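Text of the file upload-v4.csv, holding CSV, C-alpha atoms:
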chain,number,residue,atom,x,y,z
B,1,MET,CA,-61.9,-103.8,-82.6
B,2,LYS,CA,-63.2,-101.4,-85.3
B,3,CYS,CA,-66.2,-100.5,-83.2
B,4,LYS,CA,-64.1,-99.6,-80.1
B,5,PHE,CA,-61.7,-97.5,-82.2
B,6,PHE,CA,-64.5,-95.6,-83.9
B,7,SER,CA,-66.3,-94.9,-80.6
B,8,ALA,CA,-63.0,-93.7,-79.0
B,9,LEU,CA,-62.3,-91.5,-82.0
B,10,VAL,CA,-65.8,-89.9,-81.7
B,11,ILE,CA,-65.3,-89.2,-78.0
B,12,VAL,CA,-61.9,-87.6,-78.6
B,13,LEU,CA,-63.3,-85.5,-81.4
B,14,LEU,CA,-66.2,-84.3,-79.2
B,15,MET,CA,-63.7,-83.4,-76.4
B,16,PHE,CA,-61.7,-81.2,-78.8
B,17,VAL,CA,-64.9,-79.6,-80.1
B,18,GLY,CA,-66.0,-78.8,-76.5
B,19,VAL,CA,-62.6,-77.3,-75.6
B,20,SER,CA,-62.5,-75.1,-78.7
B,21,MET,CA,-66.1,-73.9,-78.1
B,22,SER,CA,-65.3,-72.9,-74.5
B,23,ALA,CA,-62.3,-70.9,-75.7
B,24,GLN,CA,-64.6,-68.9,-77.9
B,25,ASP,CA,-66.8,-67.6,-75.0
B,26,TYR,CA,-65.2,-64.2,-75.1
B,27,VAL,CA,-64.4,-61.6,-77.8
B,28,PRO,CA,-60.9,-61.4,-79.1
B,29,ASN,CA,-58.2,-59.4,-77.2
B,30,ALA,CA,-58.4,-56.3,-79.4
B,31,GLU,CA,-62.2,-56.1,-79.1
B,32,ALA,CA,-62.0,-56.7,-75.4
B,33,GLN,CA,-59.5,-53.8,-74.9
B,34,THR,CA,-61.8,-51.5,-76.8
B,35,ARG,CA,-64.9,-52.5,-74.8
B,36,VAL,CA,-63.1,-52.3,-71.4
B,37,ASN,CA,-61.5,-48.9,-72.3
B,38,SER,CA,-65.0,-47.5,-73.3
B,39,GLU,CA,-66.6,-48.9,-70.1
B,40,LEU,CA,-63.7,-47.5,-67.9
B,41,THR,CA,-64.1,-44.1,-69.4
B,42,SER,CA,-67.8,-44.0,-68.7
B,43,LEU,CA,-67.3,-45.3,-65.1
B,44,LEU,CA,-64.6,-42.6,-64.5
B,45,ASN,CA,-66.8,-39.9,-65.9
B,46,ALA,CA,-69.7,-41.0,-63.7
B,47,SER,CA,-67.5,-41.1,-60.6
B,48,SER,CA,-66.1,-37.6,-61.1
B,49,SER,CA,-69.6,-36.1,-60.7
B,50,VAL,CA,-70.3,-37.7,-57.3
B,51,ASN,CA,-70.9,-35.4,-54.4
B,52,ILE,CA,-69.5,-37.1,-51.3
B,53,LYS,CA,-71.6,-35.1,-48.8
B,54,ALA,CA,-74.9,-35.9,-50.7
B,55,LEU,CA,-73.8,-39.5,-51.0
B,56,HIS,CA,-73.2,-39.8,-47.3
B,57,ASP,CA,-76.6,-38.2,-46.6
B,58,ALA,CA,-78.3,-40.7,-48.9
B,59,GLY,CA,-77.3,-43.6,-46.7
B,60,PRO,CA,-75.6,-46.9,-46.8
B,61,ALA,CA,-77.2,-48.2,-50.0
B,62,ALA,CA,-75.8,-45.3,-51.9
B,63,MET,CA,-72.4,-45.8,-50.4
B,64,GLN,CA,-72.5,-49.5,-51.3
B,65,GLY,CA,-73.3,-48.5,-54.9
B,66,GLU,CA,-70.2,-46.3,-55.0
B,67,VAL,CA,-68.0,-49.0,-53.5
B,68,GLU,CA,-69.2,-51.3,-56.3
B,69,LYS,CA,-68.5,-48.7,-58.9
B,70,SER,CA,-65.1,-48.1,-57.5
B,71,LEU,CA,-64.3,-51.8,-57.6
B,72,LYS,CA,-65.5,-52.0,-61.2
B,73,ILE,CA,-63.0,-49.3,-62.0
B,74,GLN,CA,-60.2,-51.2,-60.2
B,75,TYR,CA,-61.2,-54.4,-61.9
B,76,ALA,CA,-61.3,-52.7,-65.4
B,77,LYS,CA,-57.8,-51.3,-64.8
B,78,GLU,CA,-56.5,-54.8,-63.9
B,79,LEU,CA,-58.2,-56.3,-66.8
B,80,LEU,CA,-56.7,-53.8,-69.2
B,81,THR,CA,-53.2,-54.4,-67.8
B,82,SER,CA,-53.7,-58.1,-68.5
B,83,LEU,CA,-55.1,-57.6,-72.0
B,84,LYS,CA,-52.3,-55.2,-72.9
B,85,LYS,CA,-49.8,-58.0,-72.0
B,86,GLY,CA,-51.4,-60.1,-74.7
B,87,SER,CA,-53.4,-62.5,-72.6
B,88,ALA,CA,-56.4,-64.1,-74.1
B,89,THR,CA,-59.6,-62.4,-72.9
B,90,GLY,CA,-60.7,-65.4,-70.7
B,91,VAL,CA,-57.3,-65.6,-69.1
B,92,ALA,CA,-57.3,-61.8,-68.5
B,93,VAL,CA,-60.7,-62.0,-66.8
B,94,ASP,CA,-59.4,-64.7,-64.4
B,95,GLU,CA,-56.1,-62.9,-63.7
B,96,ALA,CA,-57.9,-59.6,-62.9
B,97,GLY,CA,-60.2,-61.4,-60.5
B,98,SER,CA,-57.5,-63.3,-58.7
B,99,SER,CA,-55.4,-60.2,-58.3
B,100,LEU,CA,-58.2,-58.3,-56.5
B,101,ALA,CA,-59.6,-61.3,-54.6
B,102,ASN,CA,-56.8,-61.1,-51.9
B,103,VAL,CA,-57.4,-57.4,-51.1
B,104,SER,CA,-60.1,-58.1,-48.5
B,105,ASN,CA,-61.9,-61.0,-47.0
B,106,GLU,CA,-65.0,-59.0,-46.0
B,107,SER,CA,-68.2,-60.4,-47.5
B,108,SER,CA,-69.4,-57.0,-48.8
B,109,PHE,CA,-66.1,-56.6,-50.7
B,110,GLN,CA,-66.3,-60.2,-52.1
B,111,ASP,CA,-69.9,-59.6,-53.2
B,112,ALA,CA,-69.0,-56.4,-54.9
B,113,LEU,CA,-66.0,-58.1,-56.6
B,114,ASN,CA,-68.2,-60.9,-57.8
B,115,LYS,CA,-70.6,-58.3,-59.3
B,116,ALA,CA,-67.8,-56.6,-61.1
B,117,ILE,CA,-66.4,-59.8,-62.5
B,118,LEU,CA,-69.9,-60.9,-63.7
B,119,TYR,CA,-70.4,-57.4,-65.2
B,120,PHE,CA,-67.2,-57.6,-67.3
B,121,LYS,CA,-67.7,-61.2,-68.2
B,122,ASP,CA,-71.1,-60.3,-69.7
B,123,LEU,CA,-69.5,-57.3,-71.4
B,124,LEU,CA,-66.9,-59.4,-73.1
B,125,LYS,CA,-69.0,-62.2,-74.4

Output the structure of this file as structure tokens.
Amino acid sequence: MKCKFFSALVIVLLMFVGVSMSAQDYVPNAEAQTRVNSELTSLLNASSSVNIKALHDAGPAAMQGEVEKSLKIQYAKELLTSLKKGSATGVAVDEAGSSLANVSNESSFQDALNKAILYFKDLLK
């Protein structure tokens, strides 16, 4: 009986350790807000200097890059909204992604969204 209790106790303790470690994957809310604000500012500054005519002449690859940058900006704004409500960083990342996931079903949009999500996940770790 003692042996079964001890092994069950060890398993339960390991489960709690695993849950608490996964919750620490991201920086705290205040640090996340600072990082996202900084990144949003740099994205907005880079976007304001884009020449649309030159971009169009450069071709589809350049246009796709601008679509990805635009989606990063939208994602950052959604992320900041969630963070300012007091959500934990991991929860805010998920909420921002789910709010934009329903905008379009096109594969290029979904690919760009996934890139934006991964970009901010890496930024906030």

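We find CA of Val27 in chain B and CA of Leu123 in chain B to be spaced 9.2 Å apart.
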
Long-range neighbours of Ser38 in chain B as an MDAnalysis selection string, 12 Å cut-off, only C-alpha atoms, 2 positions minimum in chain
chainID B and resid 31:36 40:45 73 76:77 80 120 123

Under the rule that only C-alpha atoms are counted, which of B:Asp122, B:Asp111, B:Asp25, B:Glu106 is the nearest residue to Leu71 in chain B?
B:Asp111

Of B:Pro28, B:Gly86, B:Gly97, B:Gly65, the one nearest to Leu118 in chain B when counting only C-alpha atoms is B:Gly97

Given the point (-72.1, -52.4, -57.1) in the coordinates of this file, which residues lie within 10 Å, counting all atoms listed in the file, and how would they look as an MDAnalysis selection string?
chainID B and resid 61:72 108:109 111:116 119

CA of Ala88 in chain B to CA of Lys121 in chain B, straight-line distance in Å
13.1 Å

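Nearest to Gln110 in chain B of all the residues B:Ser98, B:Thr89, B:Ser82, B:Ser47 is B:Ser98, counting only C-alpha atoms.
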
Can you sort out range 22-46 of chain B so it carries N, CA, C and O atoms, written as an mmCIF file, in the frame of the given file?
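Output below, filename rebuild_33.cif:
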data_model
loop_
_atom_site.group_PDB
_atom_site.id
_atom_site.type_symbol
_atom_site.label_atom_id
_atom_site.label_comp_id
_atom_site.auth_asym_id
_atom_site.auth_seq_id
_atom_site.Cartn_x
_atom_site.Cartn_y
_atom_site.Cartn_z
ATOM 1 N N SER B 22 -65.429 -73.677 -75.783
ATOM 2 C CA SER B 22 -65.300 -72.900 -74.500
ATOM 3 C C SER B 22 -64.300 -71.811 -74.654
ATOM 4 O O SER B 22 -64.383 -70.805 -73.973
ATOM 5 N N ALA B 23 -63.311 -71.970 -75.512
ATOM 6 C CA ALA B 23 -62.300 -70.900 -75.700
ATOM 7 C C ALA B 23 -62.878 -69.742 -76.470
ATOM 8 O O ALA B 23 -62.302 -68.672 -76.473
ATOM 9 N N GLN B 24 -64.014 -69.926 -77.115
ATOM 10 C CA GLN B 24 -64.600 -68.900 -77.900
ATOM 11 C C GLN B 24 -65.712 -68.128 -77.145
ATOM 12 O O GLN B 24 -66.503 -67.416 -77.740
ATOM 13 N N ASP B 25 -65.747 -68.284 -75.835
ATOM 14 C CA ASP B 25 -66.800 -67.600 -75.000
ATOM 15 C C ASP B 25 -66.616 -66.115 -75.022
ATOM 16 O O ASP B 25 -67.587 -65.402 -74.815
ATOM 17 N N TYR B 26 -65.425 -65.627 -75.209
ATOM 18 C CA TYR B 26 -65.200 -64.200 -75.100
ATOM 19 C C TYR B 26 -64.728 -63.613 -76.447
ATOM 20 O O TYR B 26 -64.261 -64.325 -77.323
ATOM 21 N N VAL B 27 -64.866 -62.305 -76.550
ATOM 22 C CA VAL B 27 -64.400 -61.600 -77.800
ATOM 23 C C VAL B 27 -62.902 -61.631 -77.824
ATOM 24 O O VAL B 27 -62.232 -61.838 -76.814
ATOM 25 N N PRO B 28 -62.328 -61.409 -79.007
ATOM 26 C CA PRO B 28 -60.900 -61.400 -79.100
ATOM 27 C C PRO B 28 -60.252 -60.247 -78.302
ATOM 28 O O PRO B 28 -60.926 -59.283 -77.919
ATOM 29 N N ASN B 29 -58.959 -60.353 -78.065
ATOM 30 C CA ASN B 29 -58.200 -59.400 -77.200
ATOM 31 C C ASN B 29 -58.417 -57.972 -77.629
ATOM 32 O O ASN B 29 -58.695 -57.116 -76.791
ATOM 33 N N ALA B 30 -58.267 -57.660 -78.911
ATOM 34 C CA ALA B 30 -58.400 -56.300 -79.400
ATOM 35 C C ALA B 30 -59.770 -55.699 -79.117
ATOM 36 O O ALA B 30 -59.919 -54.564 -78.651
ATOM 37 N N GLU B 31 -60.784 -56.495 -79.389
ATOM 38 C CA GLU B 31 -62.200 -56.100 -79.100
ATOM 39 C C GLU B 31 -62.402 -55.886 -77.629
ATOM 40 O O GLU B 31 -63.078 -54.952 -77.188
ATOM 41 N N ALA B 32 -61.846 -56.780 -76.836
ATOM 42 C CA ALA B 32 -62.000 -56.700 -75.400
ATOM 43 C C ALA B 32 -61.353 -55.405 -74.856
ATOM 44 O O ALA B 32 -61.934 -54.727 -74.002
ATOM 45 N N GLN B 33 -60.172 -55.056 -75.370
ATOM 46 C CA GLN B 33 -59.500 -53.800 -74.900
ATOM 47 C C GLN B 33 -60.390 -52.609 -75.261
ATOM 48 O O GLN B 33 -60.534 -51.704 -74.431
ATOM 49 N N THR B 34 -60.980 -52.591 -76.439
ATOM 50 C CA THR B 34 -61.800 -51.500 -76.800
ATOM 51 C C THR B 34 -63.055 -51.372 -75.916
ATOM 52 O O THR B 34 -63.390 -50.280 -75.444
ATOM 53 N N ARG B 35 -63.688 -52.496 -75.642
ATOM 54 C CA ARG B 35 -64.900 -52.500 -74.800
ATOM 55 C C ARG B 35 -64.546 -52.065 -73.349
ATOM 56 O O ARG B 35 -65.273 -51.289 -72.732
ATOM 57 N N VAL B 36 -63.449 -52.591 -72.811
ATOM 58 C CA VAL B 36 -63.100 -52.300 -71.400
ATOM 59 C C VAL B 36 -62.662 -50.797 -71.341
ATOM 60 O O VAL B 36 -63.029 -50.114 -70.379
ATOM 61 N N ASN B 37 -61.912 -50.296 -72.322
ATOM 62 C CA ASN B 37 -61.500 -48.900 -72.300
ATOM 63 C C ASN B 37 -62.772 -47.980 -72.339
ATOM 64 O O ASN B 37 -62.843 -46.994 -71.601
ATOM 65 N N SER B 38 -63.729 -48.319 -73.168
ATOM 66 C CA SER B 38 -65.000 -47.500 -73.300
ATOM 67 C C SER B 38 -65.725 -47.553 -71.935
ATOM 68 O O SER B 38 -66.196 -46.515 -71.458
ATOM 69 N N GLU B 39 -65.836 -48.726 -71.353
ATOM 70 C CA GLU B 39 -66.600 -48.900 -70.100
ATOM 71 C C GLU B 39 -65.823 -48.134 -68.964
ATOM 72 O O GLU B 39 -66.440 -47.471 -68.126
ATOM 73 N N LEU B 40 -64.499 -48.228 -68.947
ATOM 74 C CA LEU B 40 -63.700 -47.500 -67.900
ATOM 75 C C LEU B 40 -63.878 -46.033 -68.034
ATOM 76 O O LEU B 40 -64.042 -45.350 -67.016
ATOM 77 N N THR B 41 -63.883 -45.516 -69.235
ATOM 78 C CA THR B 41 -64.100 -44.100 -69.400
ATOM 79 C C THR B 41 -65.438 -43.639 -68.907
ATOM 80 O O THR B 41 -65.534 -42.626 -68.213
ATOM 81 N N SER B 42 -66.479 -44.397 -69.206
ATOM 82 C CA SER B 42 -67.800 -44.000 -68.700
ATOM 83 C C SER B 42 -67.906 -44.132 -67.195
ATOM 84 O O SER B 42 -68.548 -43.307 -66.542
ATOM 85 N N LEU B 43 -67.262 -45.137 -66.608
ATOM 86 C CA LEU B 43 -67.300 -45.300 -65.100
ATOM 87 C C LEU B 43 -66.516 -44.111 -64.488
ATOM 88 O O LEU B 43 -66.967 -43.575 -63.469
ATOM 89 N N LEU B 44 -65.393 -43.738 -65.063
ATOM 90 C CA LEU B 44 -64.600 -42.600 -64.500
ATOM 91 C C LEU B 44 -65.368 -41.301 -64.625
ATOM 92 O O LEU B 44 -65.336 -40.485 -63.703
ATOM 93 N N ASN B 45 -66.051 -41.094 -65.746
ATOM 94 C CA ASN B 45 -66.800 -39.900 -65.900
ATOM 95 C C ASN B 45 -67.988 -39.799 -64.926
ATOM 96 O O ASN B 45 -68.289 -38.741 -64.386
ATOM 97 N N ALA B 46 -68.631 -40.932 -64.673
ATOM 98 C CA ALA B 46 -69.700 -41.000 -63.700
ATOM 99 C C ALA B 46 -69.239 -40.755 -62.297
ATOM 100 O O ALA B 46 -69.906 -40.121 -61.482
#
